[in-house]
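For reference, the structure discussed in these notes is given below.
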Amino acid sequence: MQNLQTGKRPWSFYALSAFFGLFVIFLYGPMSAIYILSFQGPTGGLTFPMRGWSLHWFDALFSQQRTGDFAGAFTRSMILAGMVLLLTVAISVISGLAFRRRFHGAAFVFYLAVASLIMPGLLVGLGVGLTFQTLGVQTKWFASALGAQLTWTLPFGMLIMFAVFSRFNRAYEEAARDLGASNWQIFLWVVLPILFPGIIAVALFGFTLSYDEFPRTLLTSGAANTLPMEIWGMTTNVTSPALYALGTVTTLVSFIAIALSLGSIAIIQWRRSRRPIEQHPSAKEQQ
Amino acid sequence: MNPGDRRTAERGSIELAGVTKRFGDTAAVRNINLKIPGGRYCCLLGPSGCGKTTILRMIAGHEAPTEGAVLIDGENVVGKLPVERGTAMMFQSYALFPHLSCVDNVAFNLKTRGVGAAERRARARDMLDRVRMKSFADRLPAQLSGGQQQRIALARSLITNPRVLLLDEPLSALDEFLRLQMRGELRNIQAEFGITFIHVTHTQMEAIALADMVVVMDQGQIEQAASAREVYDRPRTSYVAHFMGGQNVLAGTVIARQPGIITMTSGKKTIKVTAPTSGSAPAAVDGEQFEVAVRRDRVRLSRAQSEDAEAGLNAVSGRVSAIEYQGTWLKISVDGAGSEGFVANVPDDEFFADPLAIGDPVIARWDAEQLHYLVARSARAARPETGHSTLVPAG
């Protein structure tokens, strides 16, 4: 606190800055190496030095069968993530609405839903897989894997919606009812638009958690691989920079998903708060 | 009310008949009986938690009474939707929809009724014009000041063409300057639209400045429902006298009754006051509580020999304990004058002609006709303090 007078930063500032710097290097260093190496020249290998620069391995990724069914796995993962996204959003919003009332057994249902957060994913996958086997139903990426992934995404989605609803002012609903809106009109015209940024956050979680989900999907996806399992397979048998190209592509998809959702939230917030303060042309002519 | 107001006065009358509202074991309001004539500006006044907002919400249809009936224009509306009642409510924080422009906020009711986009926006702009907010039609609520938001909320409520407009602490979110300005505007809009306004507030001056009728509430019951002047000038109970302010309450135990004079002990003093002449005034009974009130600005102070000097009829002695200069008058607090604090508001010229100092013994006197008899606490229906209601009518 003596630094208020001297203006100097304490030694702890520099120690913590160095620690943070190390953290950033540790986090992004290896990943950057992968991204850089994915642009290896056609004669390059899995390690530095770079032998020229090219998009050769991206091309190989999409064309060569040697690297496995990347396109198929990517398509399956995108479809699965899309389904998980929709179901997570729908169920989270509905349960968010339900949990605003203190219904009988609410606490039990809540803990039941959240418990799957702390359960080992492999065990959940194993359980789902065994159940399907016992029932004589084949495990499929769009059925058993979808269910297994929902045990992972729903608790996140529900917790986010609970937080969003806890800040939602019920006076909006009462005002809408006061103005003659039916329950559906209140939900569609008032509740959903106001909650929209939170719903985007749930969608983002649903999509990204599903997109790179591994342990719960491993034993439930059946014969066809999802992308994370395809990558896992490639790490054991692919010895070319195509593996790195795959890493770069999947990272890009994740970043696009995040950018899209954060971007739309930002646009909504901006529209709500910072519309140009000068008068709208139509308002001017009416005066 | 002049005869021209008769027609509008019939529309939007409200009656609460034996209304009780319980939340679990606690009663928010108990056996309320209240009639509000149509076309009036009525203020529900009381401290927070007194049940005034619950009454408002029951009239609005956002809360159902546990017992009793709510009648609008003679028709029981319990169980009906707000729009079917012909009521509109303005919420404390206005609850303007943050994602809709002002014109779409105002047009919301028309949208629920299936009016086309072009027509409802045109009608909403007309309504915005009536509250002088037309130039803000395309802004979002977050871009408006508190006073502007309030006008949008008013327009949004008024477009439903209500018989009754219910306002929940409409001025509490505004700063002092805007509050005074919007206070006047609310009164003007009420007069212009000629509909019943019911305005919940905890600010005494707001209520008496605005209202034709003031309903003072405490602990879920009505203490007094009367004109603003009557509530301020002739409070029914010591609670109303204290809550409205401007009154000295002298409360004591009756020890003697001579013709025309009641003697009571209050604190360390024996006070003699003129006995009530009208039969409707509370009767004094030996050994029972008796309460009178006299307005602070109707008290005259004169110097005394000691603070325990014999005061005589309609007077009490004491000692000056505080002097506050208020510009045109001075607030003189007198200690030892009865069981409660006693204040005299003295005009500045009168005071400075012979200034008193703190510690001076004084006698405070008032004229017999300034004396006002209160319904004493013991004489009132025993008010349950613990929450279990005995359901005794308050009025």
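In the structure tokens, the first chain shown is A, the next is B, and so on; residue numbers restart at 1 for each chain, and ligands run from 1 in the order shown.
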>> For the strand (DSSP E) assignment from backbone DSSP, which residues of region 16-236 of chain B qualify? Please present them as a ChimeraX atom specification.
In response: /B:16-23,26-36,41-45,67-72,75-76,87-90,164-168,196-201,213-218,221-226
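Residues lying within 9 Å of Phe165 (chain A), counting only C-alpha atoms and ignoring same-chain neighbours fewer than 5 positions away, are Gly96, Leu97, Arg100, Ile160 and Leu195 of chain A.
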Selection above as a file: N, CA and C atoms, as a compact mmCIF listing (two decimals), in the first residue's frame:
# COMPACT_ATOMS: atom_id res chain seq x y z
N GLY A 96 -35.51 -24.00 -16.92
CA GLY A 96 -35.33 -22.69 -16.28
C GLY A 96 -36.68 -22.10 -15.90
N LEU A 97 -37.66 -22.22 -16.81
CA LEU A 97 -39.01 -21.74 -16.52
C LEU A 97 -39.62 -22.53 -15.38
N ARG A 100 -38.42 -21.86 -11.72
CA ARG A 100 -38.78 -20.60 -11.06
C ARG A 100 -39.88 -20.82 -10.04
N ILE A 160 -26.69 -22.31 -16.42
CA ILE A 160 -26.65 -20.98 -17.05
C ILE A 160 -28.06 -20.38 -17.07
N LEU A 195 -34.27 -12.92 -22.86
CA LEU A 195 -33.31 -13.94 -22.43
C LEU A 195 -32.33 -14.32 -23.54
Hey, could you make a per-residue contact list for chain B against chain A with 7 Å as the cut-off, showing the nearest pair of atoms and its distance in Å to one decimal, counting only C-alpha atoms, sorted by chain and number, as a Markdown table?
| residue | atom | partner | partner_atom | distance |
| --- | --- | --- | --- | --- |
| B:Pro82 | CA | A:Asp178 | CA | 5.3 |
| B:Val83 | CA | A:Gly180 | CA | 5.4 |
| B:Ala88 | CA | A:Asp178 | CA | 6.3 |
| B:Met89 | CA | A:Asp178 | CA | 6.7 |
| B:Ala95 | CA | A:Tyr172 | CA | 5.3 |
| B:Phe97 | CA | A:Tyr172 | CA | 6.6 |
| B:Pro98 | CA | A:Arg272 | CA | 6.9 |
| B:His99 | CA | A:Arg272 | CA | 6.3 |
| B:Asn109 | CA | A:Leu179 | CA | 5.0 |
| B:Thr112 | CA | A:Ala181 | CA | 5.4 |
| B:Ser135 | CA | A:Ala283 | CA | 5.4 |
| B:Ala137 | CA | A:Ala283 | CA | 6.9 |
| B:Asp138 | CA | A:His280 | CA | 6.5 |
| B:Leu140 | CA | A:Arg272 | CA | 6.6 |
| B:Ala142 | CA | A:Ser273 | CA | 5.9 |
| B:Gln143 | CA | A:Ser273 | CA | 6.6 |
Resulting file, chosen residues, N, CA and C atoms, as a PDB file, in the first residue's frame:
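In the end it all went to again_30.pdb:
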ATOM      1  N   PRO B  82     -56.462  -8.789 -16.175  1.00  0.00           N
ATOM      2  CA  PRO B  82     -56.353  -7.324 -16.107  1.00  0.00           C
ATOM      3  C   PRO B  82     -57.089  -6.618 -17.242  1.00  0.00           C
ATOM      4  N   VAL B  83     -56.933  -7.111 -18.483  1.00  0.00           N
ATOM      5  CA  VAL B  83     -57.587  -6.426 -19.607  1.00  0.00           C
ATOM      6  C   VAL B  83     -59.102  -6.494 -19.512  1.00  0.00           C
ATOM      7  N   ALA B  88     -55.202  -0.790 -15.837  1.00  0.00           N
ATOM      8  CA  ALA B  88     -53.847  -0.851 -16.376  1.00  0.00           C
ATOM      9  C   ALA B  88     -52.918  -0.454 -15.243  1.00  0.00           C
ATOM     10  N   MET B  89     -51.787  -1.124 -15.183  1.00  0.00           N
ATOM     11  CA  MET B  89     -50.887  -0.874 -14.056  1.00  0.00           C
ATOM     12  C   MET B  89     -49.572  -0.315 -14.575  1.00  0.00           C
ATOM     13  N   ALA B  95     -40.932  -1.300 -15.974  1.00  0.00           N
ATOM     14  CA  ALA B  95     -40.946  -2.572 -16.711  1.00  0.00           C
ATOM     15  C   ALA B  95     -41.148  -2.363 -18.203  1.00  0.00           C
ATOM     16  N   PHE B  97     -40.254  -2.888 -21.910  1.00  0.00           N
ATOM     17  CA  PHE B  97     -39.550  -4.009 -22.533  1.00  0.00           C
ATOM     18  C   PHE B  97     -38.257  -3.494 -23.157  1.00  0.00           C
ATOM     19  N   PRO B  98     -37.103  -3.996 -22.679  1.00  0.00           N
ATOM     20  CA  PRO B  98     -35.829  -3.381 -23.098  1.00  0.00           C
ATOM     21  C   PRO B  98     -35.492  -3.620 -24.569  1.00  0.00           C
ATOM     22  N   HIS B  99     -36.115  -4.658 -25.168  1.00  0.00           N
ATOM     23  CA  HIS B  99     -35.750  -4.992 -26.541  1.00  0.00           C
ATOM     24  C   HIS B  99     -36.648  -4.307 -27.562  1.00  0.00           C
ATOM     25  N   ASN B 109     -49.992  -3.563 -26.430  1.00  0.00           N
ATOM     26  CA  ASN B 109     -51.365  -4.008 -26.185  1.00  0.00           C
ATOM     27  C   ASN B 109     -52.131  -4.205 -27.488  1.00  0.00           C
ATOM     28  N   THR B 112     -51.168  -7.481 -29.100  1.00  0.00           N
ATOM     29  CA  THR B 112     -51.829  -8.653 -28.516  1.00  0.00           C
ATOM     30  C   THR B 112     -53.263  -8.767 -29.021  1.00  0.00           C
ATOM     31  N   SER B 135     -41.177  12.450 -30.317  1.00  0.00           N
ATOM     32  CA  SER B 135     -39.852  12.497 -30.940  1.00  0.00           C
ATOM     33  C   SER B 135     -38.937  11.383 -30.437  1.00  0.00           C
ATOM     34  N   ALA B 137     -39.991   8.205 -30.238  1.00  0.00           N
ATOM     35  CA  ALA B 137     -40.696   6.975 -30.589  1.00  0.00           C
ATOM     36  C   ALA B 137     -39.759   5.832 -30.957  1.00  0.00           C
ATOM     37  N   ASP B 138     -38.657   6.128 -31.641  1.00  0.00           N
ATOM     38  CA  ASP B 138     -37.818   5.049 -32.160  1.00  0.00           C
ATOM     39  C   ASP B 138     -36.640   4.722 -31.248  1.00  0.00           C
ATOM     40  N   LEU B 140     -34.790   3.221 -27.783  1.00  0.00           N
ATOM     41  CA  LEU B 140     -35.001   2.117 -26.847  1.00  0.00           C
ATOM     42  C   LEU B 140     -35.111   2.684 -25.437  1.00  0.00           C
ATOM     43  N   ALA B 142     -33.634   2.104 -22.712  1.00  0.00           N
ATOM     44  CA  ALA B 142     -32.378   2.367 -22.010  1.00  0.00           C
ATOM     45  C   ALA B 142     -31.785   3.714 -22.397  1.00  0.00           C
ATOM     46  N   GLN B 143     -32.243   4.282 -23.505  1.00  0.00           N
ATOM     47  CA  GLN B 143     -31.673   5.557 -23.934  1.00  0.00           C
ATOM     48  C   GLN B 143     -32.426   6.746 -23.360  1.00  0.00           C
TER      49      GLN B 143
END
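Once region 286-303 of chain B and its same-chain neighbours fewer than 3 positions away are set aside, Gly246, Gln247, Asn248, Val249, Leu250, Ala251, Gly252, Thr253, Val254, Ile255, Val343, Ala344, Asn345, Val362, Ile363, Ala364, Arg365, Trp366, Leu371, His372, Tyr373, Leu374 and Ala376 of chain B remain within 6 Å of it when counting only C-alpha atoms.
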> What's the 9 Å shell around Thr250 (chain A), counting only C-alpha atoms, without same-chain residues fewer than 3 positions away, as a PyMOL selection string?
Replying inline: chain A and resi 74+212+227+245-247+253-255
Those same residues - C-alpha atoms - I'd like them written as a PDB file, in the first residue's frame.
ATOM      1  CA  PHE A  74     -16.557 -34.018 -39.331  1.00  0.00           C
ATOM      2  CA  ASP A 212     -15.049 -32.106 -28.683  1.00  0.00           C
ATOM      3  CA  LEU A 227     -14.370 -36.149 -34.968  1.00  0.00           C
ATOM      4  CA  ALA A 245      -3.875 -29.790 -40.321  1.00  0.00           C
ATOM      5  CA  LEU A 246      -6.787 -31.558 -38.675  1.00  0.00           C
ATOM      6  CA  GLY A 247      -5.980 -29.792 -35.378  1.00  0.00           C
ATOM      7  CA  VAL A 253     -14.429 -24.426 -36.248  1.00  0.00           C
ATOM      8  CA  SER A 254     -14.472 -23.940 -32.477  1.00  0.00           C
ATOM      9  CA  PHE A 255     -13.303 -20.365 -32.822  1.00  0.00           C
TER      10      PHE A 255
END
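Excluding region 41-58 of chain A and any residue on its chain fewer than 3 positions from it, the residues at most 8 Å away by only C-alpha atoms are Leu37, Ser38, Leu61, Phe62, Thr239, Ser240, Pro241, Ala242, Ala245 and Leu246 of chain A.
Separating CA of Met217 (chain B) from CA of Val285 (chain B) is a distance of 27.4 Å.
Take the candidates B:Ile72, B:Ala315, B:Asp348, B:Phe197 and check each one against Lys272 (chain B) using only C-alpha atoms; the shortest distance goes to B:Ala315.
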As a JSON list (two decimals) with C-alpha atoms, in the first residue's frame, which residues of region 266-350 of chain B does DSSP assign to helix (DSSP H, G or I)?
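For reference, states_30.json as written:
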[["chain", "number", "residue", "atom", "x", "y", "z"],
["B", 296, "ARG", "CA", -47.78, 22.47, 15.42],
["B", 297, "ASP", "CA", -48.52, 25.78, 13.71],
["B", 298, "ARG", "CA", -51.56, 26.39, 15.91],
["B", 348, "ASP", "CA", -40.15, 34.06, 12.16],
["B", 349, "ASP", "CA", -41.25, 37.64, 12.97],
["B", 350, "GLU", "CA", -43.03, 36.49, 16.11]]
